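Asks: The file below is entry18.txt, compact mmCIF, C-alpha atoms:
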```txt
# COMPACT_ATOMS: atom_id res chain seq x y z
CA MET L 1 -21.95 -22.26 -10.78
CA LEU L 2 -23.94 -21.80 -13.98
CA LYS L 3 -25.07 -18.40 -12.79
CA ARG L 4 -21.51 -17.33 -12.03
CA ALA L 5 -20.27 -18.60 -15.39
CA ALA L 6 -22.98 -16.57 -17.13
CA ILE L 7 -21.93 -13.45 -15.25
CA ILE L 8 -18.27 -13.89 -16.21
CA PHE L 9 -19.24 -14.47 -19.85
CA ALA L 10 -21.29 -11.27 -19.78
CA LEU L 11 -18.40 -9.34 -18.29
CA MET L 12 -15.92 -10.62 -20.85
CA SER L 13 -18.28 -9.85 -23.70
CA GLY L 14 -18.88 -6.33 -22.40
CA CYS L 15 -22.66 -6.69 -22.18
CA ALA L 16 -23.29 -7.36 -18.49
CA THR L 17 -26.81 -6.59 -17.36
CA THR L 18 -27.70 -4.58 -14.28
CA VAL L 19 -28.68 -7.74 -12.39
CA ALA L 20 -25.42 -9.47 -13.28
CA ALA L 21 -23.43 -6.46 -12.20
CA ALA L 22 -25.18 -6.34 -8.82
CA ASP L 23 -24.49 -10.03 -8.17
CA SER L 24 -20.85 -9.99 -9.24
CA ALA L 25 -19.70 -6.58 -8.02
CA ARG L 26 -18.69 -7.97 -4.60
CA THR L 27 -15.81 -9.91 -6.11
CA LEU L 28 -14.83 -7.39 -8.79
CA GLN L 29 -11.61 -5.43 -8.48
CA ILE L 30 -10.23 -2.94 -10.99
CA ILE L 31 -6.47 -2.48 -11.34
CA VAL L 32 -5.06 0.44 -13.36
CA SER L 33 -1.36 0.23 -14.25
CA LYS L 34 0.18 3.57 -15.13
CA ASP L 35 3.40 2.11 -16.56
CA SER L 36 1.51 0.14 -19.23
CA GLN L 37 -1.46 2.55 -19.46
CA SER L 38 -3.80 -0.39 -19.06
CA LEU L 39 -6.73 -1.53 -16.94
CA ALA L 40 -7.67 -5.05 -15.85
CA VAL L 41 -10.94 -6.13 -14.23
CA TYR L 42 -10.56 -9.08 -11.87
CA ASP L 43 -13.41 -11.29 -10.71
CA GLY L 44 -11.68 -12.95 -7.79
CA GLY L 45 -8.37 -14.07 -9.24
CA THR L 46 -9.58 -14.17 -12.86
CA VAL L 47 -9.12 -11.36 -15.37
CA VAL L 48 -12.50 -10.86 -17.04
CA ALA L 49 -11.89 -7.66 -19.01
CA THR L 50 -9.00 -5.43 -20.08
CA SER L 51 -8.60 -2.07 -21.77
CA LYS L 52 -6.10 0.63 -22.60
CA VAL L 53 -6.39 3.88 -20.60
CA SER L 54 -4.89 7.33 -20.44
CA THR L 55 -3.92 8.62 -17.00
CA GLY L 56 -2.77 12.09 -15.97
CA LYS L 57 -0.06 13.89 -17.91
CA GLN L 58 2.90 15.63 -16.29
CA GLY L 59 1.71 18.29 -13.86
CA HIS L 60 -1.68 16.55 -13.55
CA ASP L 61 -0.60 13.13 -12.29
CA THR L 62 -3.27 10.57 -11.50
CA PRO L 63 -2.82 9.62 -7.82
CA THR L 64 -1.86 6.05 -7.01
CA GLY L 65 -3.23 3.93 -4.21
CA ILE L 66 -6.37 2.16 -3.02
CA PHE L 67 -9.73 3.68 -3.99
CA SER L 68 -13.33 2.60 -4.49
CA VAL L 69 -16.23 3.77 -6.62
CA LEU L 70 -17.99 6.48 -4.61
CA GLU L 71 -20.51 7.71 -7.16
CA LYS L 72 -21.75 6.69 -10.62
CA ARG L 73 -23.31 8.94 -13.26
CA LYS L 74 -24.14 8.04 -16.84
CA TYR L 75 -23.39 11.61 -17.81
CA HIS L 76 -21.38 14.16 -15.86
CA GLU L 77 -19.63 17.44 -16.63
CA SER L 78 -16.40 18.52 -15.00
CA ASN L 79 -16.80 21.38 -12.55
CA ILE L 80 -13.05 22.02 -12.79
CA TYR L 81 -12.26 21.97 -16.51
CA SER L 82 -14.83 24.09 -18.38
CA ASN L 83 -17.72 21.64 -18.05
CA ALA L 84 -15.84 19.01 -20.04
CA PRO L 85 -18.14 16.02 -20.67
CA MET L 86 -17.43 12.86 -18.63
CA PRO L 87 -19.88 10.15 -19.76
CA TRP L 88 -20.12 6.90 -17.78
CA MET L 89 -18.36 8.58 -14.87
CA GLN L 90 -17.29 6.55 -11.82
CA ARG L 91 -15.92 8.81 -9.08
CA LEU L 92 -12.92 7.66 -7.01
CA THR L 93 -12.32 10.75 -4.86
CA TRP L 94 -14.43 13.75 -3.91
CA SER L 95 -11.47 15.92 -4.95
CA GLY L 96 -12.10 15.11 -8.61
CA ILE L 97 -10.52 11.81 -9.73
CA ALA L 98 -12.74 9.45 -11.74
CA LEU L 99 -12.93 6.79 -14.41
CA HIS L 100 -14.83 8.04 -17.47
CA GLU L 101 -15.31 7.83 -21.22
CA SER L 102 -13.15 9.95 -23.52
CA ASN L 103 -12.83 10.31 -27.27
CA SER L 104 -9.07 10.72 -26.78
CA VAL L 105 -7.32 7.73 -25.22
CA PRO L 106 -3.80 7.61 -26.62
CA ASN L 107 -1.24 5.07 -25.39
CA TYR L 108 0.37 7.61 -23.06
CA PRO L 109 -0.67 9.85 -20.14
CA ALA L 110 -2.87 12.65 -21.48
CA SER L 111 -5.60 13.50 -18.97
CA HIS L 112 -5.87 16.16 -16.28
CA GLY L 113 -5.76 13.47 -13.57
CA CYS L 114 -8.71 11.21 -14.33
CA VAL L 115 -8.47 7.78 -15.94
CA ARG L 116 -9.77 8.03 -19.51
CA LEU L 117 -11.48 4.98 -21.04
CA PRO L 118 -12.48 4.18 -24.64
CA ALA L 119 -16.20 4.81 -25.21
CA ALA L 120 -17.46 1.23 -25.61
CA PHE L 121 -15.42 -0.05 -22.69
CA ALA L 122 -16.44 2.83 -20.40
CA LYS L 123 -20.10 1.91 -20.85
CA SER L 124 -19.41 -1.81 -20.40
CA LEU L 125 -17.38 -1.19 -17.24
CA TYR L 126 -20.12 1.08 -15.85
CA GLN L 127 -22.60 -1.79 -16.25
CA MET L 128 -20.32 -4.23 -14.42
CA THR L 129 -19.74 -2.25 -11.27
CA ALA L 130 -21.56 -0.96 -8.22
CA ARG L 131 -20.67 1.67 -5.65
CA GLY L 132 -17.93 0.34 -3.39
CA VAL L 133 -16.05 -1.68 -6.04
CA HIS L 134 -12.35 -1.27 -5.34
CA VAL L 135 -10.02 0.41 -7.80
CA ILE L 136 -6.25 0.04 -7.40
CA ILE L 137 -4.05 2.53 -9.28
CA SER L 138 -0.39 1.57 -9.35
CA ASP L 139 2.74 2.96 -10.96
CA GLU L 140 3.81 -0.59 -11.82
CA THR L 141 1.74 -3.60 -12.86
CA VAL L 142 0.42 -5.59 -9.88
CA SER L 143 -1.94 -8.55 -9.62
CA PRO L 144 -3.68 -10.23 -6.66
CA GLN L 145 -2.41 -13.54 -5.28
CA GLN L 146 -4.12 -16.08 -3.03
CA VAL L 147 -3.24 -15.60 0.65
CA ALA L 148 -3.83 -17.91 3.61
CA HIS L 149 -2.90 -16.79 7.12
CA ALA L 150 -4.24 -17.27 10.65
CA ALA L 151 -4.45 -13.48 11.16
CA LEU L 152 -7.07 -13.13 8.41
CA PHE L 153 -10.74 -13.10 9.38
CA ALA L 154 -13.21 -15.92 8.66
CA PRO L 155 -16.86 -16.48 9.60
CA PRO L 156 -17.67 -18.78 12.52
CA ALA L 157 -18.62 -22.27 11.36
CA GLU L 158 -22.39 -22.65 11.33
CA ARG L 159 -23.70 -25.61 13.30
CA PRO L 160 -25.93 -27.99 11.30
CA ALA L 161 -29.64 -27.62 12.04
CA GLY L 162 -31.27 -30.13 14.45
CA ASN L 163 -29.89 -32.20 17.31
CA VAL L 164 -26.73 -34.16 16.76
CA LEU L 165 -26.45 -37.61 18.33
CA SER L 166 -24.13 -36.47 21.11
CA ASP L 167 -26.84 -34.03 22.27
CA ALA L 168 -29.59 -36.67 22.47
CA SER L 169 -30.82 -37.82 25.85
CA LEU L 170 -30.46 -41.44 27.00
CA ARG L 171 -33.65 -43.50 27.32
CA PRO L 172 -34.36 -47.15 28.21
CA SER L 173 -34.77 -49.56 25.30
CA SER L 174 -35.00 -53.29 24.77
CA THR L 175 -36.58 -55.56 22.15
CA ASP L 176 -36.85 -58.45 24.62
CA HIS L 177 -38.49 -57.86 28.00
CA ALA L 178 -36.65 -60.87 29.40
CA VAL L 179 -33.37 -59.12 28.80
CA ARG L 180 -32.14 -56.39 31.16
CA GLN L 181 -32.84 -52.98 29.75
CA VAL L 182 -29.92 -50.89 28.47
CA GLU L 183 -29.78 -47.19 27.74
CA VAL L 184 -29.15 -46.06 24.19
CA ALA L 185 -29.07 -42.65 22.63
CA MET L 186 -32.07 -41.78 20.51
CA ASN L 187 -32.78 -38.67 18.48
CA MET L 188 -36.58 -38.60 18.47
CA PRO L 189 -38.35 -35.43 17.34
CA THR L 190 -41.58 -34.59 19.14
CA SER L 191 -43.43 -34.56 15.83
CA PRO L 192 -42.62 -35.98 12.40
CA LEU L 193 -40.50 -33.60 10.31
CA PRO L 194 -40.70 -33.36 6.53
CA LEU L 195 -37.66 -34.19 4.46
CA PRO L 196 -35.45 -31.10 4.09
CA LEU L 197 -35.95 -29.12 0.91
CA PRO L 198 -32.92 -28.50 -1.32
CA GLN L 199 -31.11 -25.40 -0.08
CA ALA L 200 -30.94 -22.55 -2.57
CA GLU L 201 -27.59 -20.91 -3.11
CA THR L 202 -27.22 -17.84 -0.89
CA SER L 203 -27.48 -14.71 -3.01
CA ALA L 204 -25.22 -11.70 -2.67
CA ALA L 205 -28.22 -9.67 -1.51
CA GLU L 206 -28.55 -11.90 1.59
CA GLU L 207 -24.91 -11.38 2.60
CA PRO L 208 -24.08 -8.56 5.04
CA ALA L 209 -22.63 -5.48 3.39
CA PRO L 210 -18.89 -6.03 2.93
CA LEU L 211 -16.58 -4.59 5.57
CA ARG L 212 -13.81 -2.11 4.83
CA ILE L 213 -11.09 -2.79 7.40
CA LEU L 214 -8.02 -0.62 7.94
CA ILE L 215 -5.09 -1.69 10.10
CA THR L 216 -2.59 1.06 10.74
CA ARG L 217 -0.49 2.70 13.38
CA ARG L 218 -2.29 4.35 16.26
CA SER L 219 -2.40 8.06 15.49
CA ASP L 220 -2.35 11.21 17.60
CA ARG L 221 -6.12 11.49 17.17
CA GLU L 222 -6.76 8.16 18.91
CA THR L 223 -4.39 9.21 21.70
CA VAL L 224 -6.18 12.54 22.16
CA ALA L 225 -9.55 10.75 22.27
CA ASP L 226 -8.17 8.53 25.04
CA VAL L 227 -6.92 11.60 26.92
CA GLN L 228 -10.33 13.28 26.66
CA ALA L 229 -12.14 10.19 27.94
CA MET L 230 -9.70 9.69 30.84
CA LEU L 231 -9.74 13.34 31.92
CA THR L 232 -13.55 13.38 31.93
CA GLU L 233 -13.60 10.17 34.01
CA LEU L 234 -11.27 11.86 36.52
CA GLY L 235 -13.61 14.85 36.84
CA PHE L 236 -12.06 17.26 34.36
CA ASP L 237 -14.43 18.46 31.63
CA ALA L 238 -12.48 17.66 28.45
CA GLY L 239 -15.49 17.86 26.12
CA THR L 240 -16.46 15.24 23.56
CA ALA L 241 -13.89 12.49 23.01
CA ASP L 242 -13.45 13.39 19.34
CA GLY L 243 -9.65 13.37 19.17
CA ILE L 244 -9.42 17.14 18.62
CA ILE L 245 -7.75 19.42 21.17
CA GLY L 246 -10.21 22.28 21.56
CA SER L 247 -10.50 24.85 24.32
CA ASN L 248 -12.26 22.50 26.77
CA THR L 249 -9.66 19.79 26.23
CA ARG L 250 -6.77 22.24 26.58
CA SER L 251 -8.20 23.57 29.86
CA ALA L 252 -8.67 20.04 31.21
CA ILE L 253 -5.10 19.06 30.25
CA ASP L 254 -3.69 22.14 31.99
CA ALA L 255 -5.76 21.45 35.11
CA TYR L 256 -4.48 17.87 35.24
CA LYS L 257 -0.89 19.08 34.76
CA ARG L 258 -1.23 21.53 37.66
CA TRP L 259 -2.60 18.73 39.83
CA LYS L 260 0.36 16.50 39.04
CA GLY L 261 2.99 19.25 39.06
CA PHE L 262 3.75 19.26 35.32
CA ALA L 263 4.59 22.46 33.46
CA THR L 264 1.62 23.83 31.51
CA LYS L 265 3.78 25.56 28.91
CA GLY L 266 5.04 23.68 25.86
CA PRO L 267 3.41 20.73 24.05
CA ALA L 268 -0.06 19.81 25.28
CA LEU L 269 0.81 16.11 25.54
CA THR L 270 4.15 14.66 26.58
CA ALA L 271 5.18 11.04 27.12
CA GLU L 272 5.59 11.71 30.86
CA MET L 273 2.18 13.32 31.18
CA LEU L 274 0.49 10.52 29.18
CA SER L 275 2.05 7.79 31.35
CA ALA L 276 0.84 9.57 34.49
CA LEU L 277 -2.66 10.03 33.07
CA TYR L 278 -3.01 6.35 32.12
CA ALA L 279 -1.86 5.43 35.65
CA SER L 280 -4.30 7.90 37.23
CA SER L 281 -7.22 6.42 35.28
CA GLY L 282 -6.22 2.83 35.98
CA ARG L 283 -5.87 2.04 32.28
CA ALA L 284 -3.04 0.20 30.61
CA GLU L 285 -1.26 2.14 27.90
CA PRO L 286 -2.72 1.00 24.56
CA PRO L 287 -0.84 -1.02 21.95
CA THR L 288 0.68 0.67 18.92
CA GLY L 289 -1.86 -0.45 16.30
CA GLN L 290 -5.40 0.60 15.44
CA LEU L 291 -8.09 -1.34 13.59
CA MET L 292 -10.94 0.63 12.01
CA ILE L 293 -13.99 -0.56 10.09
CA ARG L 294 -16.38 1.14 7.71
CA GLN L 295 -19.46 -0.51 6.24
CA GLY L 296 -21.65 1.06 3.60
CA PHE L 297 -19.40 4.18 3.68
CA GLN L 298 -20.16 4.63 7.39
CA GLU L 299 -17.82 4.30 10.40
CA VAL L 300 -18.53 1.16 12.43
CA LEU L 301 -15.75 0.81 14.99
CA SER L 302 -12.20 1.79 15.90
CA GLU L 303 -10.22 -0.34 18.38
CA PRO L 304 -6.56 -0.66 19.41
CA ILE L 305 -4.64 -3.79 18.38
CA GLY L 306 -1.10 -5.06 18.78
CA LEU L 307 1.63 -4.52 16.20
CA ALA L 308 4.88 -6.37 16.76
CA GLU L 309 8.16 -4.66 15.82
CA PRO L 310 6.68 -1.15 15.79
CA GLY L 311 9.95 0.32 14.52
CA THR L 312 9.64 -1.60 11.24
CA ALA L 313 7.44 -0.17 8.50
CA LEU L 314 4.25 -2.09 7.70
CA GLY L 315 4.26 -1.23 4.00
CA THR L 316 1.05 -0.80 2.02
CA HIS L 317 -1.06 -3.89 1.30
CA PHE L 318 -4.59 -4.62 0.13
CA LEU L 319 -6.52 -7.87 0.62
CA THR L 320 -10.06 -8.93 -0.32
CA VAL L 321 -12.39 -11.83 0.49
CA THR L 322 -13.30 -13.65 -2.72
CA ALA L 323 -15.57 -16.30 -1.14
CA VAL L 324 -16.85 -17.44 2.25
CA ASN L 325 -18.01 -20.89 3.35
CA ARG L 326 -20.22 -20.49 6.40
CA ASP L 327 -20.65 -24.25 6.89
CA LYS L 328 -16.91 -24.76 7.23
CA GLY L 329 -16.15 -21.35 8.72
CA THR L 330 -13.61 -20.37 6.06
CA ALA L 331 -12.88 -17.35 3.90
CA ASP L 332 -10.74 -17.19 0.77
CA TRP L 333 -8.50 -14.14 0.66
CA GLN L 334 -6.32 -12.64 -2.05
CA GLY L 335 -3.92 -9.74 -1.74
CA LEU L 336 -1.30 -7.50 -3.27
CA SER L 337 1.33 -5.02 -2.10
CA LEU L 338 1.97 -1.50 -3.36
CA ASP L 339 5.13 0.58 -3.31
CA ASN L 340 4.73 3.59 -1.02
CA HIS L 341 7.58 5.97 -0.30
CA LEU L 342 7.63 7.50 3.20
CA THR L 343 9.52 10.75 3.61
CA GLU L 344 12.16 11.05 6.31
CA ALA L 345 9.89 13.41 8.24
CA THR L 346 7.05 10.86 8.12
CA ARG L 347 9.33 8.03 9.23
CA ASN L 348 10.55 10.11 12.18
CA ARG L 349 7.00 11.08 13.16
CA LEU L 350 5.88 7.45 13.09
CA GLY L 351 9.01 6.11 14.78
CA ILE L 352 10.00 3.97 11.79
CA THR L 353 13.64 2.90 11.77
CA ALA L 354 13.55 -0.14 9.45
CA ASP L 355 12.00 -0.80 6.03
CA ALA L 356 9.09 -3.19 5.51
CA VAL L 357 9.69 -6.65 4.08
CA THR L 358 9.21 -6.65 0.31
CA GLY L 359 8.86 -9.37 -2.32
CA PRO L 360 6.84 -12.60 -2.25
CA MET L 361 6.86 -12.84 1.55
CA ALA L 362 5.69 -9.27 2.19
CA LEU L 363 2.07 -10.16 3.02
CA THR L 364 3.00 -13.07 5.28
CA ALA L 365 5.58 -10.96 7.09
CA VAL L 366 3.17 -8.13 7.88
CA LEU L 367 0.31 -10.46 8.87
CA ASP L 368 2.67 -12.21 11.30
CA ARG L 369 3.00 -8.92 13.19
CA ILE L 370 -0.73 -8.25 13.67
CA HIS L 371 -2.36 -9.30 16.96
CA VAL L 372 -6.12 -8.73 17.20
CA PRO L 373 -7.70 -9.35 20.65
CA ASP L 374 -9.90 -12.46 20.69
CA GLU L 375 -13.12 -10.61 21.54
CA LEU L 376 -12.61 -8.13 18.72
CA ARG L 377 -11.69 -10.91 16.29
CA GLN L 378 -14.91 -12.77 17.10
CA ARG L 379 -16.96 -9.63 16.45
CA ILE L 380 -15.32 -9.12 13.07
CA ASN L 381 -15.57 -12.81 12.14
CA ALA L 382 -19.33 -12.64 12.71
CA MET L 383 -19.57 -9.67 10.30
CA ILE L 384 -17.21 -10.82 7.52
CA SER L 385 -18.69 -11.48 4.09
CA THR L 386 -17.71 -11.90 0.46
CA GLY L 387 -16.21 -8.69 -0.89
CA SER L 388 -14.87 -7.49 2.46
CA SER L 389 -11.45 -5.89 2.27
CA LEU L 390 -8.44 -5.20 4.47
CA THR L 391 -5.98 -2.36 3.94
CA ILE L 392 -2.71 -2.31 5.89
CA SER L 393 -0.81 0.97 5.90
CA ASP L 394 1.62 2.96 8.03
CA THR L 395 0.04 6.31 7.34
CA GLY L 396 -3.45 5.92 8.80
CA VAL L 397 -6.52 7.78 7.61
CA GLY L 398 -5.53 10.29 4.94
CA PRO L 399 -7.29 13.50 3.85
CA GLU L 400 -9.15 11.75 0.99
CA THR L 401 -10.94 9.51 3.51
CA THR L 402 -13.94 11.61 4.48
CA LYS L 403 -17.64 11.27 5.15
CA GLY L 404 -19.18 9.04 2.49
CA THR L 405 -16.01 7.21 1.43
CA ASP L 406 -14.33 3.91 2.09
CA PHE L 407 -10.77 4.06 3.41
CA ILE L 408 -8.73 5.75 0.68
CA THR L 409 -4.98 5.20 0.77
CA VAL L 410 -2.85 7.39 -1.49
CA THR L 411 0.63 6.06 -2.22
CA HIS L 412 3.75 7.96 -3.28
CA ARG L 413 6.78 7.11 -5.39
CA PRO L 414 10.32 8.13 -4.39
CA PRO L 415 11.37 11.57 -5.65
CA ARG L 416 13.24 11.56 -8.94
CA ALA L 417 16.98 11.86 -8.61
```
What does this structure look like when you write it as structure tokens?

Replies:
Amino acid sequence: MLKRAAIIFALMSGCATTVAAADSARTLQIIVSKDSQSLAVYDGGTVVATSKVSTGKQGHDTPTGIFSVLEKRKYHESNIYSNAPMPWMQRLTWSGIALHESNSVPNYPASHGCVRLPAAFAKSLYQMTARGVHVIISDETVSPQQVAHAALFAPPAERPAGNVLSDASLRPSSTDHAVRQVEVAMNMPTSPLPLPLPQAETSAAEEPAPLRILITRRSDRETVADVQAMLTELGFDAGTADGIIGSNTRSAIDAYKRWKGFATKGPALTAEMLSALYASSGRAEPPTGQLMIRQGFQEVLSEPIGLAEPGTALGTHFLTVTAVNRDKGTADWQGLSLDNHLTEATRNRLGITADAVTGPMALTAVLDRIHVPDELRQRINAMISTGSSLTISDTGVGPETTKGTDFITVTHRPPRA
């Protein structure tokens, strides 16, 4: 506790050391509010630093959504705007959005898309963070709230070391040989054990790298990957199951269609053809949701999950683990929701006919609809650690999510009337 208090004091005073930053970065979260042109640094649920900012001016809007620090450089020059200096740069997208120092931070949008920071604060913030720290950019002010729900992940409770009494074998015992022997439970080690040493507090370095979890709607790419795997199992060479319809996959689809009497002209995949293919392979048609995980900017897994009420939008939500208790098998989560306008074309493509629940019950409502298979849940529970995050979104993996990033979710505001 003293160590954590010292870290928070250092953060609030703007003089955090490199060691302090490394220890605390797991629970740090940066929230930029475009309406108030302000930035708040949260350590768990506590605001530990604030600053004014300048975001993108008209025609160069700063994107909103869920980002993380991808790269840090004490000094950087823009490769877009005439080598403009960008000291204490913290990159949020590979397409050019970053937090950085500027000598011009008025109380209104003025940048070419980046988030400008006052000089002293930019350096202080740089010292607080590490790669992977989440940055939320929102049109309106948002703040994280504590969330408890059975759908959220938690580590398995760790069993205390040594034998417990119920595990001990029964053995005869009596203090009086004239009395009939009775059996009692004894916990007798084979050799004397020393008294346990005080347990040191687990450091952040000993924790597994935090997970980046995305729950979204199953996309065409996952469906195509299924098709490729099933066709190959049936003897058609569909190529690598990468979710991309190339020449091998197209040839395999056409061959399957000829076998089953489907027309080969028109869309490659139809609902009728997919149902027949799942039946041919002996697989059940997958549920409508998909859960994906990245760890250390690398893909770890992608598995189907259930989403109730698929016609209702999920909305866009972001949750983080602020603490784990491995003895009790618990995890403390906090979360927030972001406005995200879906165009009519997007809603039609995703089969959305009803809006997501909004307001104070938004997180509970969306978590109620998520059904993760038990085996998959156990795998994730075993990997969960402080600083892990969960994004829930209708729109899946966007173009900003590439090799060497966490899941990046860009949100959109409704068009102006």

Asks: Give me, please, the distance in Å between CA of Ala323 in chain L and CA of Phe67 in chain L, quoted to one decimal.

Replies: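 These two atoms are separated by 21.0 Å.
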
Asks: Just to confirm, what's the straight-line distance from CA of Leu336 in chain L to CA of Pro144 in chain L in Å (one decimal)?

Replies: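 So the answer is 5.0 Å.
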
Asks: May I ask for the distance between CA of Asp406 in chain L and CA of Thr141 in chain L, given in Å to one decimal place?

Replies: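 Pair CA of Asp406 in chain L / CA of Thr141 in chain L returns 23.2 Å.
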
Asks: Taking (-24.2, 7.0, -10.2) in the coordinates of the supplied file, I want to know which residues reach to within 10 Å of it, counting all atoms listed in the file; could you give the answer as a list in words?

Replies: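 Protein, DNA and RNA residues close to (-24.2, 7.0, -10.2): Val69, Leu70, Glu71, Lys72, Arg73, Lys74, Tyr75, His76, Trp88, Met89, Gln90, Arg91, Tyr126, Ala130 and Arg131 of chain L.
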
Asks: Near Thr93 in chain L, within 12 Å and counting only C-alpha atoms, which residues show up once chain neighbours fewer than 2 positions away are dropped, as a ChimeraX atom specification?

Replies: /L:62-72,89-91,95-99,113-114,132,135,398-410

Asks: Counting all atoms listed in the file, what is within 8 Å of Thr312 in chain L, bar same-chain residues fewer than 5 positions away, as a PyMOL selection string?

Replies: chain L and resi 352-356

Asks: Write out as a ChimeraX atom specification each polymer residue whose atoms come within 9 Å of Leu319 in chain L, counting all atoms listed in the file; drop sequence neighbours fewer than 4 positions from it.

Replies: /L:144,147,333-337,388-392

Asks: For the point (-4.6, 22.5, 32.2) in file coordinates, what residues are within 10 Å, counting all atoms listed in the file? Give the answer as a PyMOL selection string?

Replies: chain L and resi 236+238+248-259+262-265+268

Asks: Need to verify the contact set: Ser38 in chain L, 6 Å, all atoms listed in the file, exclusion of same-chain residues closer than 2 positions in sequence. Can you return it as a PyMOL selection string?

Replies: chain L and resi 32-33+36+51-53

Asks: Ser143 in chain L: which residues within 12 Å, counting all atoms listed in the file, same-chain residues fewer than 6 positions away excluded, as a PyMOL selection string?

Replies: chain L and resi 29-33+39-47+136-137+317-319+334-338

Asks: Some atoms are missing, so please complete range 119-124 of chain L with all heavy atoms and return it as a compact mmCIF listing (two decimals), in the frame of the given file.

Replies:
```txt
# COMPACT_ATOMS: atom_id res chain seq x y z
N ALA L 119 -14.75 4.65 -25.38
CA ALA L 119 -16.20 4.81 -25.21
C ALA L 119 -16.92 3.50 -24.93
O ALA L 119 -17.68 3.39 -23.96
CB ALA L 119 -16.78 5.48 -26.45
N ALA L 120 -16.73 2.49 -25.78
CA ALA L 120 -17.46 1.23 -25.61
C ALA L 120 -17.11 0.56 -24.29
O ALA L 120 -17.98 0.03 -23.59
CB ALA L 120 -17.17 0.28 -26.78
N PHE L 121 -15.83 0.61 -23.94
CA PHE L 121 -15.42 -0.05 -22.69
C PHE L 121 -15.94 0.72 -21.48
O PHE L 121 -16.32 0.10 -20.46
CB PHE L 121 -13.90 -0.17 -22.63
CG PHE L 121 -13.43 -0.92 -21.41
CD1 PHE L 121 -13.45 -2.30 -21.38
CD2 PHE L 121 -13.02 -0.24 -20.27
CE1 PHE L 121 -13.04 -3.00 -20.25
CE2 PHE L 121 -12.61 -0.92 -19.14
CZ PHE L 121 -12.62 -2.31 -19.13
N ALA L 122 -15.95 2.04 -21.53
CA ALA L 122 -16.44 2.83 -20.40
C ALA L 122 -17.88 2.46 -20.06
O ALA L 122 -18.24 2.31 -18.89
CB ALA L 122 -16.33 4.31 -20.72
N LYS L 123 -18.71 2.30 -21.08
CA LYS L 123 -20.10 1.91 -20.85
C LYS L 123 -20.19 0.50 -20.29
O LYS L 123 -20.94 0.23 -19.35
CB LYS L 123 -20.89 2.01 -22.16
CG LYS L 123 -22.36 1.61 -22.01
CD LYS L 123 -23.10 1.75 -23.34
CE LYS L 123 -24.56 1.34 -23.18
NZ LYS L 123 -25.30 1.47 -24.46
N SER L 124 -19.40 -0.42 -20.87
CA SER L 124 -19.41 -1.81 -20.40
C SER L 124 -18.96 -1.89 -18.95
O SER L 124 -19.56 -2.59 -18.13
CB SER L 124 -18.51 -2.65 -21.29
OG SER L 124 -18.47 -3.99 -20.84
```
